[in-house]
$ cat target-v1.tsv   # TSV, C-alpha atoms
chain	number	residue	atom	x	y	z
W	1	MET	CA	14.75	-9.86	38.44
W	2	ASP	CA	17.80	-12.13	38.68
W	3	PRO	CA	20.43	-11.06	36.11
W	4	ARG	CA	21.09	-14.72	35.28
W	5	LEU	CA	17.65	-14.71	33.68
W	6	ASP	CA	18.28	-11.58	31.59
W	7	LEU	CA	17.38	-13.33	28.33
W	8	ILE	CA	13.92	-14.10	29.69
W	9	TYR	CA	13.22	-10.64	31.10
W	10	LYS	CA	14.68	-8.80	28.10
W	11	ARG	CA	12.49	-10.72	25.66
W	12	ARG	CA	9.79	-8.24	24.73
W	13	SER	CA	7.41	-8.12	21.80
W	14	ILE	CA	9.08	-5.93	19.16
W	15	ARG	CA	6.86	-4.51	16.45
W	16	ALA	CA	9.19	-2.06	14.62
W	17	PHE	CA	12.19	-3.34	12.72
W	18	GLN	CA	15.22	-2.01	10.87
W	19	ASP	CA	15.52	-2.67	7.13
W	20	ARG	CA	18.64	-4.74	7.79
W	21	PRO	CA	18.06	-8.38	6.82
W	22	VAL	CA	18.58	-11.21	9.31
W	23	GLU	CA	21.60	-13.34	8.44
W	24	LYS	CA	20.86	-16.94	7.43
W	25	GLU	CA	23.21	-18.09	10.20
W	26	ASN	CA	21.07	-16.32	12.78
W	27	LEU	CA	17.85	-17.68	11.33
W	28	THR	CA	19.29	-21.20	11.54
W	29	GLU	CA	20.35	-20.56	15.13
W	30	LEU	CA	16.77	-19.57	15.96
W	31	LEU	CA	15.58	-22.89	14.55
W	32	LYS	CA	18.20	-24.75	16.58
W	33	ALA	CA	16.84	-23.02	19.66
W	34	GLY	CA	13.28	-23.89	18.66
W	35	MET	CA	14.22	-27.52	18.26
W	36	ALA	CA	15.83	-27.52	21.71
W	37	ALA	CA	12.37	-27.21	23.27
W	38	PRO	CA	10.87	-30.07	25.23
W	39	SER	CA	7.88	-31.92	23.78
W	40	ALA	CA	5.49	-34.52	25.12
W	41	SER	CA	7.25	-37.90	25.10
W	42	ASN	CA	9.88	-36.09	22.99
W	43	GLY	CA	7.51	-36.35	20.05
W	44	GLN	CA	8.91	-33.27	18.25
W	45	PRO	CA	5.90	-32.65	16.01
W	46	TRP	CA	7.26	-29.34	14.70
W	47	GLU	CA	8.14	-28.02	11.28
W	48	PHE	CA	9.13	-24.48	10.38
W	49	ILE	CA	8.95	-22.26	7.32
W	50	VAL	CA	11.39	-19.35	7.21
W	51	VAL	CA	10.16	-16.52	5.00
W	52	THR	CA	12.51	-13.74	3.92
W	53	ASP	CA	11.18	-13.17	0.40
W	54	PRO	CA	9.80	-9.60	0.39
W	55	ASP	CA	6.85	-10.43	-1.87
W	56	ARG	CA	5.66	-13.24	0.33
W	57	LEU	CA	6.14	-11.15	3.47
W	58	THR	CA	4.03	-8.44	1.83
W	59	GLN	CA	1.31	-10.99	1.12
W	60	LEU	CA	1.31	-12.05	4.76
W	61	ARG	CA	1.15	-8.46	5.96
W	62	GLU	CA	-1.71	-7.68	3.60
W	63	VAL	CA	-4.00	-10.39	4.93
W	64	LEU	CA	-3.04	-10.65	8.60
W	65	VAL	CA	-4.98	-8.16	10.72
W	66	HIS	CA	-2.54	-8.62	13.61
W	67	GLY	CA	0.59	-9.12	11.50
W	68	LYS	CA	1.24	-5.85	9.69
W	69	TYR	CA	4.71	-5.17	11.13
W	70	ASN	CA	7.70	-4.54	8.86
W	71	ALA	CA	9.84	-7.50	9.86
W	72	PRO	CA	12.38	-8.71	7.27
W	73	ALA	CA	11.80	-12.34	8.27
W	74	ALA	CA	8.98	-14.52	9.50
W	75	ILE	CA	9.02	-18.05	10.85
W	76	ALA	CA	5.84	-20.09	10.57
W	77	VAL	CA	5.58	-22.73	13.29
W	78	LEU	CA	3.72	-25.85	12.20
W	79	ALA	CA	2.91	-29.31	13.48
W	80	ASN	CA	3.13	-32.32	11.23
W	81	LEU	CA	1.62	-35.26	13.03
W	82	SER	CA	2.76	-37.69	10.34
W	83	ILE	CA	6.43	-37.08	11.21
W	84	ALA	CA	5.93	-36.67	14.95
W	85	LYS	CA	7.79	-39.39	16.81
W	86	LYS	CA	5.04	-40.17	19.30
W	87	GLU	CA	1.29	-40.64	19.31
W	88	SER	CA	1.02	-38.16	22.19
W	89	SER	CA	1.80	-35.34	19.77
W	90	THR	CA	-1.81	-35.58	18.60
W	91	ARG	CA	-2.91	-34.16	21.93
W	92	PHE	CA	0.14	-32.08	22.82
W	93	TRP	CA	1.27	-30.42	19.58
W	94	VAL	CA	-0.04	-26.99	20.59
W	95	GLN	CA	1.98	-27.09	23.81
W	96	ASP	CA	5.05	-28.58	22.11
W	97	CYS	CA	5.05	-25.98	19.35
W	98	SER	CA	4.37	-23.17	21.82
W	99	ALA	CA	7.48	-24.18	23.74
W	100	ALA	CA	9.42	-24.04	20.48
W	101	VAL	CA	8.00	-20.58	19.75
W	102	GLU	CA	9.01	-19.31	23.17
W	103	ASN	CA	12.52	-20.70	22.72
W	104	ILE	CA	12.80	-18.86	19.39
W	105	LEU	CA	11.60	-15.59	20.92
W	106	ILE	CA	14.12	-15.84	23.76
W	107	ALA	CA	16.87	-16.87	21.35
W	108	ALA	CA	16.14	-13.83	19.19
W	109	THR	CA	16.78	-11.64	22.23
W	110	GLY	CA	20.05	-13.48	22.83
W	111	LEU	CA	21.18	-12.81	19.26
W	112	GLY	CA	20.36	-9.09	19.43
W	113	LEU	CA	17.19	-9.53	17.38
W	114	GLY	CA	13.63	-8.49	18.11
W	115	SER	CA	10.60	-10.70	17.61
W	116	VAL	CA	6.87	-10.91	18.09
W	117	TRP	CA	4.50	-13.88	18.30
W	118	ILE	CA	1.64	-13.58	15.79
W	119	GLY	CA	-1.08	-15.95	16.98
W	120	ALA	CA	-3.01	-17.99	14.45
W	121	HIS	CA	-4.39	-21.32	15.75
W	122	PRO	CA	-7.22	-21.84	16.69
W	123	LYS	CA	-8.52	-18.94	14.56
W	124	GLU	CA	-9.29	-20.85	11.37
W	125	GLU	CA	-9.63	-17.79	9.19
W	126	VAL	CA	-6.05	-16.86	10.09
W	127	THR	CA	-4.51	-20.32	9.76
W	128	LYS	CA	-6.22	-20.65	6.35
W	129	GLN	CA	-4.67	-17.37	5.17
W	130	ILE	CA	-1.19	-18.51	6.20
W	131	GLN	CA	-1.79	-21.95	4.72
W	132	ASP	CA	-2.70	-20.40	1.35
W	133	ILE	CA	0.21	-17.97	1.15
W	134	LEU	CA	2.88	-20.43	2.28
W	135	LYS	CA	1.45	-23.40	0.32
W	136	ILE	CA	1.03	-25.51	3.44
W	137	PRO	CA	-0.81	-28.83	2.91
W	138	ALA	CA	-4.17	-29.12	4.63
W	139	ASP	CA	-3.02	-31.91	6.95
W	140	ILE	CA	-0.30	-29.75	8.52
W	141	HIS	CA	-1.35	-27.65	11.52
W	142	VAL	CA	-0.38	-23.96	11.62
W	143	LEU	CA	0.25	-22.73	15.16
W	144	SER	CA	1.59	-19.21	14.64
W	145	LEU	CA	4.00	-16.90	12.91
W	146	ILE	CA	7.00	-15.25	14.51
W	147	TYR	CA	8.22	-11.97	13.02
W	148	VAL	CA	11.96	-11.46	13.42
W	149	GLY	CA	14.38	-8.64	12.67
W	150	TYR	CA	16.81	-6.14	14.10
W	151	PRO	CA	14.75	-3.96	16.42
W	152	ALA	CA	13.88	-0.34	15.65
W	153	GLU	CA	12.33	0.15	19.07
W	154	GLU	CA	13.52	-0.53	22.60
W	155	GLN	CA	11.45	-2.15	25.32
W	156	PRO	CA	12.72	-2.42	28.89
W	157	ALA	CA	13.25	-5.76	30.58
W	158	ARG	CA	10.28	-6.67	32.73
W	159	THR	CA	8.15	-9.24	34.46
W	160	GLN	CA	4.41	-8.89	34.88
W	161	TYR	CA	4.57	-10.82	38.16
W	162	GLU	CA	1.45	-10.42	40.29
W	163	GLU	CA	1.33	-12.04	43.69
W	164	ILE	CA	-2.44	-12.51	43.40
W	165	ARG	CA	-1.81	-15.16	40.74
W	166	VAL	CA	0.28	-17.31	43.06
W	167	HIS	CA	-1.05	-19.93	45.44
W	168	TRP	CA	0.98	-22.03	47.87
W	169	GLN	CA	0.38	-25.75	48.53
W	170	LYS	CA	-3.19	-25.65	47.16
W	171	TYR	CA	-5.56	-23.31	45.35
S	1	MET	CA	25.03	-23.89	19.33
S	2	ASP	CA	25.67	-20.22	20.04
S	3	PRO	CA	26.97	-19.78	23.61
S	4	ARG	CA	24.75	-16.72	24.04
S	5	LEU	CA	21.84	-19.17	24.02
S	6	ASP	CA	23.33	-21.47	26.64
S	7	LEU	CA	20.27	-21.24	28.88
S	8	ILE	CA	18.11	-22.63	26.10
S	9	TYR	CA	20.43	-25.47	25.10
S	10	LYS	CA	21.28	-26.41	28.69
S	11	ARG	CA	17.60	-26.74	29.62
S	12	ARG	CA	17.01	-30.47	29.71
S	13	SER	CA	14.31	-32.54	31.34
S	14	ILE	CA	15.65	-33.59	34.74
S	15	ARG	CA	13.95	-36.51	36.46
S	16	ALA	CA	16.23	-37.19	39.45
S	17	PHE	CA	16.57	-34.64	42.23
S	18	GLN	CA	18.60	-34.02	45.37
S	19	ASP	CA	16.79	-33.93	48.72
S	20	ARG	CA	17.81	-30.28	49.13
S	21	PRO	CA	14.73	-28.04	49.16
S	22	VAL	CA	14.32	-25.18	46.70
S	23	GLU	CA	14.57	-21.79	48.40
S	24	LYS	CA	11.39	-19.69	48.42
S	25	GLU	CA	13.37	-16.88	46.75
S	26	ASN	CA	14.18	-19.17	43.83
S	27	LEU	CA	10.61	-20.40	43.55
S	28	THR	CA	9.42	-16.81	43.40
S	29	GLU	CA	12.04	-16.02	40.76
S	30	LEU	CA	10.68	-18.90	38.66
S	31	LEU	CA	7.21	-17.37	38.87
S	32	LYS	CA	8.60	-13.97	37.86
S	33	ALA	CA	10.12	-15.63	34.83
S	34	GLY	CA	6.84	-17.40	34.06
S	35	MET	CA	4.98	-14.11	34.23
S	36	ALA	CA	7.50	-12.54	31.84
S	37	ALA	CA	6.10	-14.72	29.04
S	38	PRO	CA	4.15	-13.17	26.19
S	39	SER	CA	0.42	-13.89	25.92
S	40	ALA	CA	-2.20	-13.22	23.27
S	41	SER	CA	-3.20	-9.53	23.52
S	42	ASN	CA	-1.24	-9.57	26.79
S	43	GLY	CA	-4.19	-11.37	28.37
S	44	GLN	CA	-2.10	-13.11	31.06
S	45	PRO	CA	-4.61	-15.84	31.89
S	46	TRP	CA	-2.20	-17.70	34.16
S	47	GLU	CA	-2.23	-18.71	37.79
S	48	PHE	CA	0.26	-20.91	39.61
S	49	ILE	CA	0.25	-23.20	42.62
S	50	VAL	CA	3.62	-23.89	44.21
S	51	VAL	CA	3.67	-27.16	46.13
S	52	THR	CA	6.49	-27.96	48.55
S	53	ASP	CA	4.50	-29.81	51.19
S	54	PRO	CA	5.85	-33.38	51.20
S	55	ASP	CA	2.46	-34.98	51.82
S	56	ARG	CA	0.83	-33.25	48.91
S	57	LEU	CA	3.79	-34.03	46.66
S	58	THR	CA	3.45	-37.66	47.65
S	59	GLN	CA	-0.24	-37.57	46.73
S	60	LEU	CA	0.63	-36.17	43.31
S	61	ARG	CA	3.31	-38.81	42.74
S	62	GLU	CA	0.95	-41.58	43.79
S	63	VAL	CA	-1.68	-40.77	41.19
S	64	LEU	CA	0.34	-39.37	38.28
S	65	VAL	CA	1.54	-42.13	35.97
S	66	HIS	CA	4.06	-39.78	34.35
S	67	GLY	CA	4.88	-37.77	37.46
S	68	LYS	CA	6.59	-40.13	39.89
S	69	TYR	CA	9.90	-38.23	40.18
S	70	ASN	CA	11.25	-37.19	43.58
S	71	ALA	CA	11.21	-33.41	43.11
S	72	PRO	CA	11.01	-31.32	46.31
S	73	ALA	CA	8.77	-28.78	44.57
S	74	ALA	CA	6.07	-28.70	41.92
S	75	ILE	CA	4.45	-25.79	40.17
S	76	ALA	CA	0.97	-26.28	38.75
S	77	VAL	CA	0.30	-23.99	35.79
S	78	LEU	CA	-3.34	-22.99	35.46
S	79	ALA	CA	-5.51	-20.68	33.41
S	80	ASN	CA	-8.23	-18.61	35.03
S	81	LEU	CA	-10.30	-17.04	32.30
S	82	SER	CA	-12.23	-14.93	34.79
S	83	ILE	CA	-9.11	-12.93	35.67
S	84	ALA	CA	-7.58	-12.94	32.18
S	85	LYS	CA	-7.30	-9.40	30.89
S	86	LYS	CA	-8.53	-10.15	27.38
S	87	GLU	CA	-11.25	-12.17	25.70
S	88	SER	CA	-8.65	-13.75	23.41
S	89	SER	CA	-7.38	-15.78	26.36
S	90	THR	CA	-10.37	-18.06	25.84
S	91	ARG	CA	-8.78	-19.30	22.63
S	92	PHE	CA	-5.10	-18.81	23.48
S	93	TRP	CA	-4.69	-19.87	27.11
S	94	VAL	CA	-2.95	-23.14	26.22
S	95	GLN	CA	-0.34	-21.27	24.18
S	96	ASP	CA	-0.01	-18.48	26.76
S	97	CYS	CA	0.45	-20.88	29.64
S	98	SER	CA	2.84	-23.06	27.59
S	99	ALA	CA	5.04	-20.01	27.04
S	100	ALA	CA	5.00	-19.41	30.80
S	101	VAL	CA	5.96	-23.06	31.40
S	102	GLU	CA	8.87	-22.84	28.98
S	103	ASN	CA	10.07	-19.64	30.66
S	104	ILE	CA	10.00	-21.39	34.03
S	105	LEU	CA	11.95	-24.38	32.68
S	106	ILE	CA	14.63	-22.14	31.18
S	107	ALA	CA	14.73	-20.01	34.33
S	108	ALA	CA	15.26	-23.13	36.43
S	109	THR	CA	18.35	-23.88	34.35
S	110	GLY	CA	19.58	-20.32	34.90
S	111	LEU	CA	19.21	-20.71	38.67
S	112	GLY	CA	21.08	-24.03	38.77
S	113	LEU	CA	17.90	-26.03	39.19
S	114	GLY	CA	16.55	-28.94	37.19
S	115	SER	CA	12.97	-29.25	36.00
S	116	VAL	CA	10.62	-31.38	33.97
S	117	TRP	CA	7.30	-30.58	32.29
S	118	ILE	CA	4.57	-33.03	33.38
S	119	GLY	CA	1.82	-32.76	30.77
S	120	ALA	CA	-1.80	-32.85	31.89
S	121	HIS	CA	-4.24	-30.97	29.59
S	122	PRO	CA	-6.01	-32.21	27.49
S	123	LYS	CA	-5.94	-35.57	29.31
S	124	GLU	CA	-9.00	-35.11	31.50
S	125	GLU	CA	-8.21	-38.02	33.80
S	126	VAL	CA	-4.91	-36.31	34.67
S	127	THR	CA	-6.25	-32.77	35.05
S	128	LYS	CA	-8.99	-34.16	37.31
S	129	GLN	CA	-6.42	-35.86	39.55
S	130	ILE	CA	-4.44	-32.63	39.91
S	131	GLN	CA	-7.64	-30.63	40.43
S	132	ASP	CA	-8.67	-32.93	43.30
S	133	ILE	CA	-5.33	-32.98	45.10
S	134	LEU	CA	-4.67	-29.24	44.82
S	135	LYS	CA	-8.31	-28.21	45.48
S	136	ILE	CA	-8.60	-26.37	42.19
S	137	PRO	CA	-12.11	-25.10	41.35
S	138	ALA	CA	-13.76	-26.72	38.34
S	139	ASP	CA	-13.78	-23.50	36.29
S	140	ILE	CA	-9.97	-23.17	36.41
S	141	HIS	CA	-8.06	-24.94	33.63
S	142	VAL	CA	-5.06	-27.11	34.55
S	143	LEU	CA	-2.37	-27.08	31.88
S	144	SER	CA	0.49	-28.98	33.46
S	145	LEU	CA	2.78	-29.48	36.39
S	146	ILE	CA	6.45	-28.58	36.52
S	147	TYR	CA	8.68	-30.55	38.88
S	148	VAL	CA	11.61	-28.51	40.19
S	149	GLY	CA	14.63	-29.24	42.34
S	150	TYR	CA	18.38	-29.38	42.51
S	151	PRO	CA	19.41	-31.95	39.90
S	152	ALA	CA	20.80	-35.36	40.83
S	153	GLU	CA	21.57	-36.16	37.19
S	154	GLU	CA	23.42	-34.33	34.43
S	155	GLN	CA	22.18	-33.96	30.89
S	156	PRO	CA	24.37	-32.37	28.20
S	157	ALA	CA	23.31	-29.22	26.38
S	158	ARG	CA	21.71	-30.05	23.05
S	159	THR	CA	19.44	-29.18	20.19
S	160	GLN	CA	17.42	-31.74	18.29
S	161	TYR	CA	17.68	-29.64	15.12
S	162	GLU	CA	16.82	-31.58	11.96
S	163	GLU	CA	17.14	-29.86	8.61
S	164	ILE	CA	14.29	-31.95	7.20
S	165	ARG	CA	11.90	-29.96	9.42
S	166	VAL	CA	12.87	-26.63	7.89
S	167	HIS	CA	11.35	-25.10	4.77
S	168	TRP	CA	12.40	-21.83	3.14
S	169	GLN	CA	9.93	-19.28	1.70
S	170	LYS	CA	7.09	-21.81	1.40
S	171	TYR	CA	6.26	-25.39	2.39
$ encode --input "target-v1.tsv" --output "C-alpha cells"
Amino acid sequence: MDPRLDLIYKRRSIRAFQDRPVEKENLTELLKAGMAAPSASNGQPWEFIVVTDPDRLTQLREVLVHGKYNAPAAIAVLANLSIAKKESSTRFWVQDCSAAVENILIAATGLGLGSVWIGAHPKEEVTKQIQDILKIPADIHVLSLIYVGYPAEEQPARTQYEEIRVHWQKY
Amino acid sequence: MDPRLDLIYKRRSIRAFQDRPVEKENLTELLKAGMAAPSASNGQPWEFIVVTDPDRLTQLREVLVHGKYNAPAAIAVLANLSIAKKESSTRFWVQDCSAAVENILIAATGLGLGSVWIGAHPKEEVTKQIQDILKIPADIHVLSLIYVGYPAEEQPARTQYEEIRVHWQKY
C-alpha cells in the first residue's frame, strides 16, 4: 500500500466514539470535502443535514437497526433534484452522492475523526424513518447517514484487494 | 481547504492526457485503493477490467459519446452479484462501486495521475456498448469507466461548497 494513499487505506468504518464533540469547523470541512466530489455533468444534486443535537441523534439511534452507534454527530446525505444543475442528476444522483459520502469518510480520517456509512436508500423503511426524524420533504431523496466522531477504537490500514476480481483488457 | 485533505481537493476531472503509459504497478495500486472502499455489510460486489490495449481503447472512444478522451488506460468498474459476499449487495452495489470509483480517482491524484469518471449505468445504451467491447457477460453490472493517465492539463484544487446546501439539526 503506497504511503501517498494513506488517507484511503486508513479510512476504516469506526463504530465506537469518544464523548468529545466534533468541532463545527471540522464538520464544515467535511462538507467542503463532500462538495469536492465529482458528479455527472457537474450536476451537484447533493444536500446535507448535520445533526449534533443529542435528542435527535437518540431518535435516529432508536429507530435505525444498523445505526445504533454512539457518534456525537451524523451527516445525512440527500439529493434534491430541483436544485441539481443538470438533468442527468435524475439518473446519477445515487452515484454522485455516494462519491460525496466517500469523500467525507476519507476527509474524516484526514482530520483525525472516525466515521461509518449507514446505508439507507433504496430501503424505503429506512429512508422513511430518517425523513420523519429530520423533517425532510418527501421530494428530497435520502441516500444515507454518516456517523462521525473522535474514534474510541483503532482499525489498521488495509485494502481488501483480491486478484481474482481483476481482469486485463477484457472480461 | 485543510491541507491535510489535499488529495480530495486536488482530485479534478482530467480530460487531456500525455502519451506516456501508466505503469502496471500504478494501475494495481489504483485497484488496491478501489478495493479499500467500504461496502454495504462488507459485501464487496466489485470487479474491474483494466484496459491498456490501444485497439480496445480506440473502440471504446469510438462508441462512447462522453468518453472520447485520449487516456492510455481505462478501468471498467463492474458489480458481480454472484461473487458478492452479502445479499445486501443486490440493493447497494451502485453505492459500493461508486465508493470504489471515488477511491480510485483520489488515488490517481495521489500517484500523480489524472482521471475522469465516465458514467454508464443506468444508461443501458452505454452499458451495452461497454459490455460488447469488453466481452462482459450479461449478468455482470457495468457501473462506469474511469479514464486514467498522466495529465496534459492542470486543474486547480477546489471545493464547490455552497452553504445553501447545508442544513443543521433538521431540514
$ closest_residue --input "target-v1.tsv" --among "S:Gly110, S:Pro45, S:Pro72, S:Pro156" --to "chain W" --atoms "only C-alpha atoms"
S:Gly110
$ interface_residues --input "target-v1.tsv" --of "chain W" --to "chain S" --cutoff "7 Å" --atoms "all atoms listed in the file" --output "compact mmCIF listing (two decimals) with C-alpha atoms, in the frame of the given file"
# COMPACT_ATOMS: atom_id res chain seq x y z
CA ARG W 4 21.09 -14.72 35.28
CA LEU W 5 17.65 -14.71 33.68
CA ILE W 8 13.92 -14.10 29.69
CA TYR W 9 13.22 -10.64 31.10
CA LYS W 32 18.20 -24.75 16.58
CA ALA W 33 16.84 -23.02 19.66
CA MET W 35 14.22 -27.52 18.26
CA ALA W 36 15.83 -27.52 21.71
CA ALA W 40 5.49 -34.52 25.12
CA GLU W 47 8.14 -28.02 11.28
CA PHE W 48 9.13 -24.48 10.38
CA ILE W 49 8.95 -22.26 7.32
CA VAL W 50 11.39 -19.35 7.21
CA VAL W 51 10.16 -16.52 5.00
CA THR W 52 12.51 -13.74 3.92
CA ASP W 53 11.18 -13.17 0.40
CA ARG W 91 -2.91 -34.16 21.93
CA VAL W 94 -0.04 -26.99 20.59
CA GLN W 95 1.98 -27.09 23.81
CA SER W 98 4.37 -23.17 21.82
CA ALA W 99 7.48 -24.18 23.74
CA GLU W 102 9.01 -19.31 23.17
CA ASN W 103 12.52 -20.70 22.72
CA ALA W 107 16.87 -16.87 21.35
CA GLY W 110 20.05 -13.48 22.83
CA GLY W 119 -1.08 -15.95 16.98
CA PRO W 122 -7.22 -21.84 16.69
CA LEU W 134 2.88 -20.43 2.28
CA LYS W 135 1.45 -23.40 0.32
CA ILE W 136 1.03 -25.51 3.44
CA ARG W 158 10.28 -6.67 32.73
CA THR W 159 8.15 -9.24 34.46
CA GLN W 160 4.41 -8.89 34.88
CA TYR W 161 4.57 -10.82 38.16
CA ARG W 165 -1.81 -15.16 40.74
CA VAL W 166 0.28 -17.31 43.06
CA HIS W 167 -1.05 -19.93 45.44
CA TRP W 168 0.98 -22.03 47.87
CA GLN W 169 0.38 -25.75 48.53
CA LYS W 170 -3.19 -25.65 47.16
CA TYR W 171 -5.56 -23.31 45.35
$ atom_distance --input "target-v1.tsv" --atom1 "CA of Val142 in chain S" --atom2 "CA of Val22 in chain S"
23.0 Å
$ atom_distance --input "target-v1.tsv" --atom1 "CA of Trp93 in chain W" --atom2 "CA of Ala16 in chain S"
25.8 Å
$ atom_distance --input "target-v1.tsv" --atom1 "CA of Gly149 in chain S" --atom2 "CA of Thr127 in chain S"
22.4 Å
